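Engineer: Data file upload_20.cif (mmCIF, C-alpha atoms and all ligand atoms) is appended below.
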data_run
#
loop_
_atom_site.group_PDB
_atom_site.id
_atom_site.type_symbol
_atom_site.label_atom_id
_atom_site.label_comp_id
_atom_site.auth_asym_id
_atom_site.auth_seq_id
_atom_site.Cartn_x
_atom_site.Cartn_y
_atom_site.Cartn_z
ATOM 1 C CA MET A 44 0.000 0.000 0.000
ATOM 2 C CA SER A 45 1.746 3.157 -1.114
ATOM 3 C CA LYS A 46 -0.942 5.705 -0.328
ATOM 4 C CA ALA A 47 -1.396 6.565 3.336
ATOM 5 C CA ILE A 48 -4.727 5.833 4.945
ATOM 6 C CA ASP A 49 -6.555 8.950 6.026
ATOM 7 C CA ILE A 50 -7.257 8.818 9.750
ATOM 8 C CA SER A 51 -7.586 12.568 10.247
ATOM 9 C CA GLY A 52 -9.146 13.372 13.586
ATOM 10 C CA LEU A 53 -8.119 10.004 14.990
ATOM 11 C CA GLU A 54 -4.321 10.393 14.813
ATOM 12 C CA ALA A 55 -3.984 10.469 18.585
ATOM 13 C CA HIS A 56 -6.069 7.337 19.046
ATOM 14 C CA VAL A 57 -5.307 4.947 16.218
ATOM 15 C CA LYS A 58 -2.054 3.080 15.719
ATOM 16 C CA MET A 59 -1.815 1.201 12.445
ATOM 17 C CA ARG A 60 0.280 -1.838 11.856
ATOM 18 C CA ARG A 61 0.693 -4.565 9.281
ATOM 19 C CA ASP A 62 0.629 -8.087 10.606
ATOM 20 C CA SER A 63 1.496 -10.892 8.215
ATOM 21 C CA ARG A 64 -0.357 -13.354 10.443
ATOM 22 C CA ALA A 65 -3.580 -11.330 10.557
ATOM 23 C CA LYS A 66 -6.395 -12.868 8.554
ATOM 24 C CA ARG A 67 -8.644 -9.841 8.480
ATOM 25 C CA MET A 68 -8.703 -6.200 9.452
ATOM 26 C CA ALA A 69 -9.398 -5.586 13.097
ATOM 27 C CA LEU A 70 -9.491 -2.852 15.705
ATOM 28 C CA ARG A 71 -8.164 -3.669 19.151
ATOM 29 C CA LEU A 72 -8.673 -1.441 22.135
ATOM 30 C CA ASP A 73 -5.492 -0.879 24.178
ATOM 31 C CA PRO A 74 -6.658 0.771 27.429
ATOM 32 C CA ALA A 75 -3.130 0.993 28.887
ATOM 33 C CA ASN A 76 -1.988 3.204 26.020
ATOM 34 C CA ARG A 77 -5.368 4.845 25.478
ATOM 35 C CA CYS A 78 -5.444 3.914 21.835
ATOM 36 C CA VAL A 79 -6.896 1.486 19.323
ATOM 37 C CA HIS A 80 -4.635 -0.737 17.245
ATOM 38 C CA PHE A 81 -5.701 -1.021 13.633
ATOM 39 C CA VAL A 82 -4.310 -4.351 12.508
ATOM 40 C CA LEU A 83 -4.067 -4.956 8.783
ATOM 41 C CA PRO A 84 -3.276 -8.184 6.977
ATOM 42 C CA ARG A 85 -0.188 -7.843 4.821
ATOM 43 C CA PHE A 86 -2.051 -7.520 1.535
ATOM 44 C CA ALA A 87 -5.118 -5.512 2.539
ATOM 45 C CA SER A 88 -5.925 -2.984 -0.168
ATOM 46 C CA HIS A 89 -5.844 0.724 0.504
ATOM 47 C CA LYS A 90 -9.464 1.078 -0.523
ATOM 48 C CA LYS A 91 -10.709 -1.605 1.866
ATOM 49 C CA ALA A 92 -8.595 -0.344 4.734
ATOM 50 C CA GLN A 93 -9.866 3.192 4.228
ATOM 51 C CA ALA A 94 -13.489 2.023 4.088
ATOM 52 C CA PHE A 95 -12.988 -0.059 7.234
ATOM 53 C CA ILE A 96 -11.556 2.765 9.300
ATOM 54 C CA ASP A 97 -14.133 5.222 7.947
ATOM 55 C CA SER A 98 -16.992 2.972 8.983
ATOM 56 C CA HIS A 99 -15.497 2.501 12.469
ATOM 57 C CA ARG A 100 -14.689 6.151 13.139
ATOM 58 C CA GLN A 101 -17.476 6.585 15.705
ATOM 59 C CA TRP A 102 -16.684 3.233 17.291
ATOM 60 C CA VAL A 103 -13.109 4.388 17.977
ATOM 61 C CA ILE A 104 -14.255 7.723 19.425
ATOM 62 C CA ASP A 105 -16.829 5.993 21.643
ATOM 63 C CA ARG A 106 -14.394 3.388 22.992
ATOM 64 C CA ILE A 107 -11.727 5.979 23.813
ATOM 65 C CA SER A 108 -14.215 8.302 25.497
ATOM 66 C CA GLU A 109 -15.511 5.422 27.629
ATOM 67 C CA LEU A 110 -12.069 4.772 29.126
ATOM 68 C CA PRO A 111 -11.771 5.769 32.764
ATOM 69 C CA GLU A 112 -10.249 9.173 33.340
ATOM 70 C CA TYR A 113 -6.621 9.575 34.307
ATOM 71 C CA MET A 114 -6.013 9.964 38.033
ATOM 72 C CA PRO A 115 -2.655 11.683 38.393
ATOM 73 C CA PHE A 116 -0.626 11.481 41.598
ATOM 74 C CA GLU A 117 -1.382 15.041 42.651
ATOM 75 C CA ASP A 118 -2.399 16.872 45.787
ATOM 76 C CA GLY A 119 -6.108 16.388 46.545
ATOM 77 C CA VAL A 120 -6.652 13.422 44.218
ATOM 78 C CA ASN A 121 -8.408 10.377 45.659
ATOM 79 C CA ILE A 122 -7.080 6.958 44.765
ATOM 80 C CA PRO A 123 -8.041 3.514 46.020
ATOM 81 C CA VAL A 124 -5.162 1.822 47.828
ATOM 82 C CA LEU A 125 -5.547 -1.714 49.166
ATOM 83 C CA GLY A 126 -9.318 -1.430 49.158
ATOM 84 C CA ARG A 127 -9.384 1.931 50.954
ATOM 85 C CA ASP A 128 -10.220 5.340 49.587
ATOM 86 C CA VAL A 129 -7.068 7.402 50.069
ATOM 87 C CA GLU A 130 -6.552 11.115 49.481
ATOM 88 C CA ILE A 131 -3.145 12.352 48.374
ATOM 89 C CA VAL A 132 -2.154 15.202 50.684
ATOM 90 C CA VAL A 133 0.988 17.070 49.707
ATOM 91 C CA GLU A 134 2.861 19.283 52.150
ATOM 92 C CA LYS A 135 5.396 21.308 50.231
ATOM 93 C CA ASP A 136 8.363 22.456 52.280
ATOM 94 C CA LEU A 137 11.353 23.876 50.442
ATOM 95 C CA THR A 138 13.568 23.583 53.514
ATOM 96 C CA ARG A 139 13.271 19.784 53.442
ATOM 97 C CA LYS A 140 16.249 17.783 52.260
ATOM 98 C CA SER A 141 14.255 14.755 51.129
ATOM 99 C CA THR A 142 10.763 13.432 50.490
ATOM 100 C CA HIS A 143 8.870 11.545 53.143
ATOM 101 C CA ILE A 144 5.760 9.549 52.241
ATOM 102 C CA GLU A 145 3.459 7.815 54.651
ATOM 103 C CA LEU A 146 0.331 5.744 54.058
ATOM 104 C CA GLN A 147 -2.234 6.427 56.762
ATOM 105 C CA ASP A 148 -5.785 5.089 56.968
ATOM 106 C CA HIS A 149 -7.325 7.427 54.415
ATOM 107 C CA ILE A 150 -4.467 9.754 53.600
ATOM 108 C CA LEU A 151 -1.289 9.365 51.610
ATOM 109 C CA LEU A 152 0.849 12.050 53.207
ATOM 110 C CA VAL A 153 3.604 13.416 50.997
ATOM 111 C CA GLN A 154 6.072 15.818 52.624
ATOM 112 C CA THR A 155 8.407 17.064 49.976
ATOM 113 C CA ASN A 156 10.599 19.820 48.579
ATOM 114 C CA LEU A 157 10.029 18.641 45.009
ATOM 115 C CA ASP A 158 7.736 20.064 42.328
ATOM 116 C CA ASP A 159 7.609 16.760 40.509
ATOM 117 C CA TYR A 160 6.841 14.373 43.348
ATOM 118 C CA ALA A 161 4.678 11.931 41.343
ATOM 119 C CA PRO A 162 7.616 9.565 40.584
ATOM 120 C CA ARG A 163 8.276 9.365 44.353
ATOM 121 C CA ILE A 164 4.667 8.410 45.008
ATOM 122 C CA LYS A 165 4.886 5.720 42.330
ATOM 123 C CA ARG A 166 8.088 4.365 43.863
ATOM 124 C CA PHE A 167 6.498 4.369 47.315
ATOM 125 C CA LEU A 168 3.346 2.560 46.129
ATOM 126 C CA LYS A 169 5.457 0.003 44.277
ATOM 127 C CA LYS A 170 7.235 -0.751 47.537
ATOM 128 C CA VAL A 171 3.907 -1.129 49.350
ATOM 129 C CA ALA A 172 2.700 -3.389 46.539
ATOM 130 C CA ARG A 173 5.825 -5.530 46.802
ATOM 131 C CA GLU A 174 5.293 -6.090 50.525
ATOM 132 C CA TYR A 175 1.599 -6.884 50.223
ATOM 133 C CA LEU A 176 1.794 -9.080 47.151
ATOM 134 C CA THR A 177 4.726 -11.022 48.599
ATOM 135 C CA ASP A 178 2.809 -11.587 51.848
ATOM 136 C CA ILE A 179 -0.296 -12.794 50.015
ATOM 137 C CA MET A 180 1.830 -15.089 47.832
ATOM 138 C CA ASP A 181 3.469 -16.566 50.950
ATOM 139 C CA GLU A 182 0.023 -17.285 52.403
ATOM 140 C CA LYS A 183 -1.237 -18.856 49.183
ATOM 141 C CA THR A 184 1.777 -21.131 48.781
ATOM 142 C CA ALA A 185 2.082 -22.051 52.482
ATOM 143 C CA ASN A 186 0.380 -25.398 51.908
ATOM 144 C CA LEU A 187 1.538 -26.020 48.348
ATOM 145 C CA ASP A 188 4.369 -28.366 47.418
ATOM 146 C CA ARG A 189 5.995 -25.675 45.342
ATOM 147 C CA LYS A 190 6.940 -22.136 46.312
ATOM 148 C CA ALA A 191 7.745 -19.166 44.126
ATOM 149 C CA ILE A 192 11.487 -18.886 43.514
ATOM 150 C CA LYS A 193 11.283 -15.160 43.005
ATOM 151 C CA ILE A 194 8.518 -12.585 42.920
ATOM 152 C CA GLN A 195 8.990 -9.607 40.663
ATOM 153 C CA ILE A 196 6.812 -6.523 40.838
ATOM 154 C CA ARG A 197 6.421 -4.909 37.444
ATOM 155 C CA ASP A 198 4.463 -2.336 35.499
ATOM 156 C CA THR A 199 3.054 -4.695 32.935
ATOM 157 C CA LYS A 200 0.755 -3.431 30.213
ATOM 158 C CA SER A 201 -1.307 -6.443 29.288
ATOM 159 C CA ARG A 202 -1.006 -9.106 31.977
ATOM 160 C CA TRP A 203 -1.498 -8.642 35.712
ATOM 161 C CA GLY A 204 0.580 -11.631 36.588
ATOM 162 C CA SER A 205 2.620 -14.452 35.128
ATOM 163 C CA CYS A 206 4.369 -17.581 36.305
ATOM 164 C CA SER A 207 7.278 -19.255 34.543
ATOM 165 C CA VAL A 208 7.959 -22.999 34.456
ATOM 166 C CA ASP A 209 10.857 -22.568 36.882
ATOM 167 C CA GLY A 210 8.693 -20.728 39.434
ATOM 168 C CA HIS A 211 9.430 -17.070 38.755
ATOM 169 C CA ILE A 212 6.317 -15.029 39.393
ATOM 170 C CA SER A 213 5.716 -11.542 38.150
ATOM 171 C CA LEU A 214 2.882 -9.316 39.373
ATOM 172 C CA SER A 215 1.786 -5.800 38.507
ATOM 173 C CA TRP A 216 2.219 -3.181 41.247
ATOM 174 C CA ARG A 217 -1.035 -1.660 39.986
ATOM 175 C CA LEU A 218 -2.953 -4.437 41.719
ATOM 176 C CA ILE A 219 -2.866 -2.313 44.879
ATOM 177 C CA PHE A 220 -5.525 -0.095 43.242
ATOM 178 C CA ALA A 221 -7.859 -3.084 42.944
ATOM 179 C CA PRO A 222 -10.256 -4.274 45.657
ATOM 180 C CA SER A 223 -8.734 -6.902 47.929
ATOM 181 C CA GLU A 224 -10.670 -9.843 46.440
ATOM 182 C CA ALA A 225 -9.398 -8.930 42.952
ATOM 183 C CA MET A 226 -5.772 -8.622 44.087
ATOM 184 C CA ASP A 227 -6.212 -11.896 45.973
ATOM 185 C CA TYR A 228 -7.576 -13.622 42.865
ATOM 186 C CA VAL A 229 -4.590 -12.625 40.700
ATOM 187 C CA VAL A 230 -2.086 -13.846 43.307
ATOM 188 C CA ALA A 231 -4.034 -17.102 43.797
ATOM 189 C CA HIS A 232 -4.099 -17.578 40.019
ATOM 190 C CA GLU A 233 -0.314 -17.355 39.722
ATOM 191 C CA ALA A 234 0.180 -19.472 42.858
ATOM 192 C CA ALA A 235 -1.989 -22.183 41.298
ATOM 193 C CA HIS A 236 0.257 -22.067 38.209
ATOM 194 C CA LEU A 237 3.165 -23.194 40.384
ATOM 195 C CA MET A 238 1.338 -26.541 40.577
ATOM 196 C CA HIS A 239 -0.328 -26.592 37.157
ATOM 197 C CA MET A 240 1.224 -24.743 34.234
ATOM 198 C CA ASP A 241 -2.004 -24.853 32.222
ATOM 199 C CA HIS A 242 -5.602 -23.752 32.556
ATOM 200 C CA SER A 243 -6.898 -27.262 33.124
ATOM 201 C CA LYS A 244 -9.772 -28.255 35.388
ATOM 202 C CA ARG A 245 -7.289 -29.131 38.129
ATOM 203 C CA PHE A 246 -5.725 -25.684 37.802
ATOM 204 C CA TRP A 247 -9.052 -23.860 38.162
ATOM 205 C CA ALA A 248 -10.100 -26.039 41.082
ATOM 206 C CA LEU A 249 -6.898 -25.168 42.956
ATOM 207 C CA CYS A 250 -7.168 -21.505 42.001
ATOM 208 C CA GLU A 251 -10.701 -21.349 43.383
ATOM 209 C CA ASP A 252 -9.556 -23.138 46.514
ATOM 210 C CA LEU A 253 -6.818 -20.565 47.115
ATOM 211 C CA CYS A 254 -9.101 -17.563 46.632
ATOM 212 C CA ILE A 255 -10.971 -15.611 49.277
ATOM 213 C CA ASP A 256 -13.682 -14.751 46.741
ATOM 214 C CA TYR A 257 -13.000 -16.466 43.430
ATOM 215 C CA ASP A 258 -16.087 -15.281 41.510
ATOM 216 C CA GLY A 259 -15.948 -11.740 42.823
ATOM 217 C CA GLY A 260 -12.214 -11.312 42.228
ATOM 218 C CA LYS A 261 -12.206 -12.891 38.794
ATOM 219 C CA SER A 262 -15.157 -10.920 37.485
ATOM 220 C CA TRP A 263 -13.818 -7.650 38.912
ATOM 221 C CA MET A 264 -10.537 -8.123 37.063
ATOM 222 C CA ARG A 265 -12.331 -9.013 33.851
ATOM 223 C CA GLU A 266 -14.681 -6.035 33.984
ATOM 224 C CA HIS A 267 -12.553 -3.340 35.583
ATOM 225 C CA GLY A 268 -8.949 -4.542 35.369
ATOM 226 C CA HIS A 269 -8.041 -2.237 32.492
ATOM 227 C CA GLY A 270 -8.999 0.738 34.680
ATOM 228 C CA LEU A 271 -5.959 0.050 36.888
ATOM 229 C CA HIS A 272 -3.824 1.780 34.264
ATOM 230 C CA ARG A 273 -5.478 5.125 34.954
ATOM 231 C CA TYR A 274 -3.490 5.963 38.059
ATOM 232 C CA GLY A 275 -0.272 7.943 38.176
HETATM 233 ZN ZN ZN H 301 -3.220 -18.340 33.976
#
Is it possible to express this structure as structure tokens?
Structural biologist:
Amino acid sequence: MSKAIDISGLEAHVKMRRDSRAKRMALRLDPANRCVHFVLPRFASHKKAQAFIDSHRQWVIDRISELPEYMPFEDGVNIPVLGRDVEIVVEKDLTRKSTHIELQDHILLVQTNLDDYAPRIKRFLKKVAREYLTDIMDEKTANLDRKAIKIQIRDTKSRWGSCSVDGHISLSWRLIFAPSEAMDYVVAHEAAHLMHMDHSKRFWALCEDLCIDYDGGKSWMREHGHGLHRYG
């Protein structure tokens, strides 16, 4: 295709790419990056591609506008942390030498001399996530024959957790913005993978067994999981 496809008005929201394995044209919503991927088979004609995107213009606009709003780490913003509603309270003090952050019941207190303190809040919440997720994983695996070799806390875009054959588990720090049953479900899911590396009946039975609220946690992640990318 030599001629460019006209996506005027949607430039900020549509990312086009050719995929030799794609069988047909498709639009895929990518909530983490607040965009839609327009996937084209290698030999799709310009005319068909243009007609496809033209007929889905409103669909793209609707999907993007439905995405949950960004919640920046700023003074006065409310974020859910470990199932609690927490307000970010920033106390700016230029005489301070360093930033101190403390998680109280319903306040995340940030005492700082910095203008750009958001990266500090992210680092702090990642640390909190590491402690919590590691504790939950320890509980889940306490009675299993296999333990996690290492738990990594990451900022993953598409998966909330993963487990490798050799027992390395990776979990998203963003799970601390989810309700406790949802966080619990994701950890239980990866813990169950230590015993079963598939999604077999035995896997799901163990996963359910390890969960506090299997149905509630699983359905919350399915319906609202993508919203966890809105914070920070
Ligand atoms: Zn799985």
Engineer: Given all atoms listed in the file as the basis, pick out the residue of A:Ala235, A:Ala75, A:Val129, A:Ile194 nearest to ligand ZN 301 (chain H).
Structural biologist: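 Checking each candidate against ligand ZN 301 (chain H), we get A:Ala235 as the closest.
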Engineer: Step by step, work through what the PyMOL selection byres (((not hetatm)) within 8 of (chain H and resi 301)) selects in the shown file, and finish by giving those residues as a ChimeraX atom specification.
Structural biologist: /A:205-206,232-233,236,240-242
Engineer: On this file, the PyMOL selection byres (((chain A and resi 200) around 12) and not hetatm) gives some set of residues; write that set as JSON, numbers by chain.
Structural biologist: {"A": [73, 74, 75, 76, 77, 197, 198, 199, 201, 202, 203, 204, 214, 215, 216, 217, 268, 269, 270, 271, 272, 273]}
Engineer: Which is closer to Gln154 (chain A) than all the others in A:Asp118, A:Asp128, A:Asp178, A:Asp256, using all atoms listed in the file?
Structural biologist: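 Among the listed residues, the smallest separation from Gln154 (chain A) belongs to A:Asp118.
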Engineer: Hey, can you pull every residue with an atom no more than 7 Å from (-14.6, -2.1, 48.9), using all atoms listed in the file, and send it as a ChimeraX atom specification?
Structural biologist: /A:126-127,222
Engineer: Return as a ChimeraX atom specification the set of residues that the PyMOL selection byres (((chain A and resi 47-54) around 8) and not hetatm) yields on the displayed structure.
Structural biologist: /A:44-46,55-58,89,92-93,96-97,100,104
Engineer: Could you list as number ranges by chain every residue that has an atom within 12 Å of (3.6, -17.2, 48.8), using the file's coordinates and counting all atoms listed in the file?
Structural biologist: A: 174-194, 210-212, 227, 230-235, 237, 253
Engineer: Extract, using only C-alpha atoms, all DNA, RNA and protein residues at most 8 Å from Leu152 (chain A), discarding same-chain residues fewer than 4 positions from it, and format them as an MDAnalysis selection string.
Structural biologist: chainID A and resid 131:134 144:147
Engineer: So how many Å separate CA of Arg85 (chain A) and CA of Met68 (chain A), to one decimal?
Structural biologist: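 Taking CA of Arg85 (chain A) as the start and CA of Met68 (chain A) as the end point, the length is 9.8 Å.
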Engineer: Could you work out how far CA of Ile255 (chain A) lies from CA of Tyr228 (chain A), giving the answer in Å with one decimal?
Structural biologist: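 About the pair CA of Tyr228 (chain A) and CA of Ile255 (chain A): they are 7.5 Å apart.
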Engineer: Using only C-alpha atoms, pick whichever of A:Lys135, A:Val208, A:Ala65, A:Leu218 has the shortest atom-to-atom distance to Lys169 (chain A).
Structural biologist: A:Leu218
Engineer: Using only C-alpha atoms, can you tell me which of A:Met59, A:Met226, A:Ala69, A:Ala172 comes closest to Gly260 (chain A)?
Structural biologist: A:Met226
Engineer: Quick check, in Å to one decimal: how far apart do CA of Glu266 (chain A) and CA of Glu251 (chain A) lie?
Structural biologist: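 Rounded to one decimal, the two atoms are 18.4 Å apart.
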Engineer: Take every atom of region 74-79 of chain A listed in the file, pad by 3 Å on each side, and give me the axis-aligned box centre and edge lengths in Å, one decimal, as AutoDock Vina command-line options.
Structural biologist:
--center_x -4.4 --center_y 2.8 --center_z 24.1 --size_x 10.9 --size_y 10.1 --size_z 15.6
Engineer: Kindly indicate which residue among A:His267, A:His149, A:Lys91, A:Arg64 lies nearest to Glu130 (chain A), using only C-alpha atoms for the distances.
Structural biologist: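 Checking each candidate against Glu130 (chain A), we get A:His149 as the closest.
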